[in-house]
Amino acid sequence: MKKLPSGTPVEIFDTLDSTSAEARRRSDSGETGPLWILALRQTAGYGRRGRGWEQDTGDFAGTLLFTPDAPAERWGQLSFVVALALAGALDEAIGEERISLKWPNDVLIEGGKCAGILLESLGARLSIGIGVNMVTAPQGLSYKTARLVDYVSPPPGPGAFAASLDTHFQRFYQQWKTAGFAPIRDAWLARARGLGSNITVRLPNRELAGVFEGIDESGALILRSRDGTQTIAAGDVFFSPQREE
């Protein structure tokens, strides 16, 4: 089995239904990780809340299966760890800092979504699914999209990008384990898009509008409105039209 520079094993498939689905199957079979699972093509990729994730050949689809060395109640913080690792890997590919982060788990290039993150708890293990628009940017969505090929051509292949991503992940993961969430939170907020601006948060049964004040120690979004300040654990954020441009 191939290994990345960190020593983490990696398997690359021509086609899978979903790298996260394969991670679940491996976990069910007793695999504890760490293990990167990559696919050149997915036939049933998915993101948060089961939403479909479009992927063409040349885009990046990968899932890290591993057993975090921390209590399960802290695992949600790892989405911010991975976001920082993705930002670092994309900056490295582009050659300059153009990446911002959108709560809770989107990665943007100059305001357009280019990558998403999905954490799934598998009992004692965790899968972290990552999709990156390398060569295609889906159209007809309610938000702006972006692709890496418009900033670096050719974009890195899956093995090279996984190696870079894993290197950045190991660095931030070790920091998270030793120093806790505070430095991760500070680093994430330094890249946060829309911080201090008016936003709308769409929940399953309503929408909330206010000023994006930051995130708390659990990673929940802090929203200040006329009714006071509240924290939101999950939702979809939309910026003002001026901010979306």
# chains A, B, ... in the order shown; residues from 1 in each chain; ligands from 1

$ residues_around --residues "Thr63 in chain A" --least-positions-apart "6" --cutoff "8 Å" --atoms "only C-alpha atoms" --output "PyMOL selection string"
chain A and resi 19-20+23+36-38+127-130

$ write_last_selection --atoms "C-alpha atoms" --output "PDB file, in the first residue's frame"
ATOM      1  CA  THR A  19     -14.992   7.880  -0.573  1.00  0.00           C
ATOM      2  CA  SER A  20     -16.923   8.482   2.645  1.00  0.00           C
ATOM      3  CA  ALA A  23     -14.545   4.715   4.695  1.00  0.00           C
ATOM      4  CA  TRP A  36      -6.702   8.151   3.134  1.00  0.00           C
ATOM      5  CA  ILE A  37      -9.200   6.922   0.549  1.00  0.00           C
ATOM      6  CA  LEU A  38      -9.173   8.799  -2.781  1.00  0.00           C
ATOM      7  CA  SER A 127     -14.277   9.968   8.682  1.00  0.00           C
ATOM      8  CA  ILE A 128     -13.402  13.350   7.210  1.00  0.00           C
ATOM      9  CA  GLY A 129     -14.639  13.704   3.653  1.00  0.00           C
ATOM     10  CA  ILE A 130     -13.155  16.418   1.450  1.00  0.00           C
TER      11      ILE A 130
END

$ residues_around --residues "range 171-181 of chain A" --least-positions-apart "3" --cutoff "9 Å" --atoms "only C-alpha atoms" --output "ChimeraX atom specification"
/A:69-70,74,77-78,81-82,84-85,166-168,184-186,217-219

$ write_last_selection --atoms "N, CA and C atoms" --output "mmCIF file, in the first residue's frame"
data_model
loop_
_atom_site.group_PDB
_atom_site.id
_atom_site.type_symbol
_atom_site.label_atom_id
_atom_site.label_comp_id
_atom_site.auth_asym_id
_atom_site.auth_seq_id
_atom_site.Cartn_x
_atom_site.Cartn_y
_atom_site.Cartn_z
ATOM 1 N N ASP A 69 -7.398 11.078 18.773
ATOM 2 C CA ASP A 69 -6.862 10.920 20.122
ATOM 3 C C ASP A 69 -7.438 12.021 21.012
ATOM 4 N N ALA A 70 -8.769 11.973 21.175
ATOM 5 C CA ALA A 70 -9.475 12.988 21.962
ATOM 6 C C ALA A 70 -10.884 12.490 22.218
ATOM 7 N N ARG A 74 -15.261 16.420 21.406
ATOM 8 C CA ARG A 74 -14.407 17.451 20.800
ATOM 9 C C ARG A 74 -14.218 17.249 19.301
ATOM 10 N N GLN A 77 -14.717 19.955 16.503
ATOM 11 C CA GLN A 77 -13.706 20.992 16.304
ATOM 12 C C GLN A 77 -12.755 20.651 15.155
ATOM 13 N N LEU A 78 -12.704 19.376 14.805
ATOM 14 C CA LEU A 78 -11.778 18.964 13.745
ATOM 15 C C LEU A 78 -12.184 19.497 12.375
ATOM 16 N N VAL A 81 -9.993 22.342 12.052
ATOM 17 C CA VAL A 81 -8.625 21.876 11.813
ATOM 18 C C VAL A 81 -8.442 21.538 10.335
ATOM 19 N N VAL A 82 -9.406 20.802 9.786
ATOM 20 C CA VAL A 82 -9.322 20.405 8.379
ATOM 21 C C VAL A 82 -9.447 21.615 7.458
ATOM 22 N N LEU A 84 -8.420 24.619 8.007
ATOM 23 C CA LEU A 84 -7.121 25.288 7.989
ATOM 24 C C LEU A 84 -6.113 24.508 7.158
ATOM 25 N N ALA A 85 -6.156 23.175 7.253
ATOM 26 C CA ALA A 85 -5.252 22.349 6.445
ATOM 27 C C ALA A 85 -5.551 22.516 4.962
ATOM 28 N N ASP A 166 -2.355 16.355 3.783
ATOM 29 C CA ASP A 166 -2.048 15.557 4.962
ATOM 30 C C ASP A 166 -0.949 16.207 5.801
ATOM 31 N N THR A 167 0.047 16.796 5.153
ATOM 32 C CA THR A 167 1.122 17.482 5.878
ATOM 33 C C THR A 167 0.559 18.638 6.698
ATOM 34 N N HIS A 168 -0.298 19.450 6.067
ATOM 35 C CA HIS A 168 -0.908 20.575 6.797
ATOM 36 C C HIS A 168 -1.840 20.073 7.886
ATOM 37 N N ILE A 184 -6.548 27.140 17.168
ATOM 38 C CA ILE A 184 -7.239 26.768 15.925
ATOM 39 C C ILE A 184 -8.344 27.780 15.657
ATOM 40 N N ARG A 185 -9.091 28.106 16.678
ATOM 41 C CA ARG A 185 -10.166 29.095 16.548
ATOM 42 C C ARG A 185 -9.615 30.430 16.072
ATOM 43 N N ASP A 186 -8.518 30.875 16.664
ATOM 44 C CA ASP A 186 -7.923 32.163 16.276
ATOM 45 C C ASP A 186 -7.455 32.136 14.818
ATOM 46 N N GLU A 217 -16.154 28.619 21.823
ATOM 47 C CA GLU A 217 -15.166 27.580 22.115
ATOM 48 C C GLU A 217 -15.582 26.211 21.600
ATOM 49 N N SER A 218 -16.845 26.054 21.208
ATOM 50 C CA SER A 218 -17.293 24.782 20.637
ATOM 51 C C SER A 218 -17.320 24.812 19.116
ATOM 52 N N GLY A 219 -17.124 25.998 18.539
ATOM 53 C CA GLY A 219 -17.202 26.150 17.090
ATOM 54 C C GLY A 219 -18.547 26.661 16.612
#

$ closest_residue --among "A:Gly131, A:Pro158, A:Pro204, A:Gly58" --to "Leu119 in chain A" --atoms "only C-alpha atoms"
A:Gly131

$ atom_distance --atom1 "CA of Phe66 in chain A" --atom2 "CA of Leu16 in chain A"
19.4 Å

$ decode --residues "range 31-95 of chain A" --atoms "C-alpha atoms" --output "mmCIF file, in the first residue's frame"
data_model
loop_
_atom_site.group_PDB
_atom_site.id
_atom_site.type_symbol
_atom_site.label_atom_id
_atom_site.label_comp_id
_atom_site.auth_asym_id
_atom_site.auth_seq_id
_atom_site.Cartn_x
_atom_site.Cartn_y
_atom_site.Cartn_z
ATOM 1 C CA GLU A 31 -10.190 -0.685 9.920
ATOM 2 C CA THR A 32 -9.097 1.907 12.503
ATOM 3 C CA GLY A 33 -6.902 4.089 10.290
ATOM 4 C CA PRO A 34 -5.313 6.409 9.702
ATOM 5 C CA LEU A 35 -6.081 5.787 6.045
ATOM 6 C CA TRP A 36 -6.702 8.151 3.134
ATOM 7 C CA ILE A 37 -9.200 6.922 0.549
ATOM 8 C CA LEU A 38 -9.173 8.799 -2.781
ATOM 9 C CA ALA A 39 -11.299 8.387 -5.899
ATOM 10 C CA LEU A 40 -10.655 9.769 -9.363
ATOM 11 C CA ARG A 41 -14.412 9.622 -9.909
ATOM 12 C CA GLN A 42 -17.392 9.333 -7.586
ATOM 13 C CA THR A 43 -20.811 8.173 -8.730
ATOM 14 C CA ALA A 44 -22.712 9.117 -5.558
ATOM 15 C CA GLY A 45 -20.685 11.725 -3.716
ATOM 16 C CA TYR A 46 -22.462 13.610 -0.969
ATOM 17 C CA GLY A 47 -21.965 16.484 1.447
ATOM 18 C CA ARG A 48 -23.732 17.905 4.483
ATOM 19 C CA ARG A 49 -27.318 16.774 5.064
ATOM 20 C CA GLY A 50 -26.983 14.223 2.265
ATOM 21 C CA ARG A 51 -26.693 16.858 -0.448
ATOM 22 C CA GLY A 52 -25.113 15.652 -3.662
ATOM 23 C CA TRP A 53 -21.552 16.697 -4.421
ATOM 24 C CA GLU A 54 -20.696 17.004 -8.108
ATOM 25 C CA GLN A 55 -17.289 15.691 -9.143
ATOM 26 C CA ASP A 56 -15.717 15.367 -12.557
ATOM 27 C CA THR A 57 -12.496 13.581 -13.407
ATOM 28 C CA GLY A 58 -9.701 15.843 -12.263
ATOM 29 C CA ASP A 59 -11.506 17.089 -9.164
ATOM 30 C CA PHE A 60 -10.345 15.933 -5.735
ATOM 31 C CA ALA A 61 -12.411 13.528 -3.656
ATOM 32 C CA GLY A 62 -10.887 12.026 -0.547
ATOM 33 C CA THR A 63 -11.748 10.805 2.921
ATOM 34 C CA LEU A 64 -9.490 10.370 5.911
ATOM 35 C CA LEU A 65 -10.528 7.525 8.213
ATOM 36 C CA PHE A 66 -8.877 7.614 11.617
ATOM 37 C CA THR A 67 -9.355 7.325 15.365
ATOM 38 C CA PRO A 68 -8.941 10.771 16.970
ATOM 39 C CA ASP A 69 -6.862 10.920 20.122
ATOM 40 C CA ALA A 70 -9.475 12.988 21.962
ATOM 41 C CA PRO A 71 -12.935 12.617 23.515
ATOM 42 C CA ALA A 72 -15.743 12.319 20.978
ATOM 43 C CA GLU A 73 -17.381 15.517 22.223
ATOM 44 C CA ARG A 74 -14.407 17.451 20.800
ATOM 45 C CA TRP A 75 -14.441 15.854 17.356
ATOM 46 C CA GLY A 76 -16.615 18.582 15.866
ATOM 47 C CA GLN A 77 -13.706 20.992 16.304
ATOM 48 C CA LEU A 78 -11.778 18.964 13.745
ATOM 49 C CA SER A 79 -13.807 20.513 10.920
ATOM 50 C CA PHE A 80 -11.940 23.755 11.674
ATOM 51 C CA VAL A 81 -8.625 21.876 11.813
ATOM 52 C CA VAL A 82 -9.322 20.405 8.379
ATOM 53 C CA ALA A 83 -10.452 23.767 6.991
ATOM 54 C CA LEU A 84 -7.121 25.288 7.989
ATOM 55 C CA ALA A 85 -5.252 22.349 6.445
ATOM 56 C CA LEU A 86 -7.220 22.754 3.210
ATOM 57 C CA ALA A 87 -6.525 26.475 3.160
ATOM 58 C CA GLY A 88 -2.820 25.808 3.615
ATOM 59 C CA ALA A 89 -2.717 23.181 0.865
ATOM 60 C CA LEU A 90 -4.630 25.420 -1.567
ATOM 61 C CA ASP A 91 -2.435 28.438 -0.777
ATOM 62 C CA GLU A 92 0.572 26.223 -1.429
ATOM 63 C CA ALA A 93 -0.832 25.112 -4.785
ATOM 64 C CA ILE A 94 -1.686 28.657 -5.876
ATOM 65 C CA GLY A 95 1.535 30.152 -4.561
#
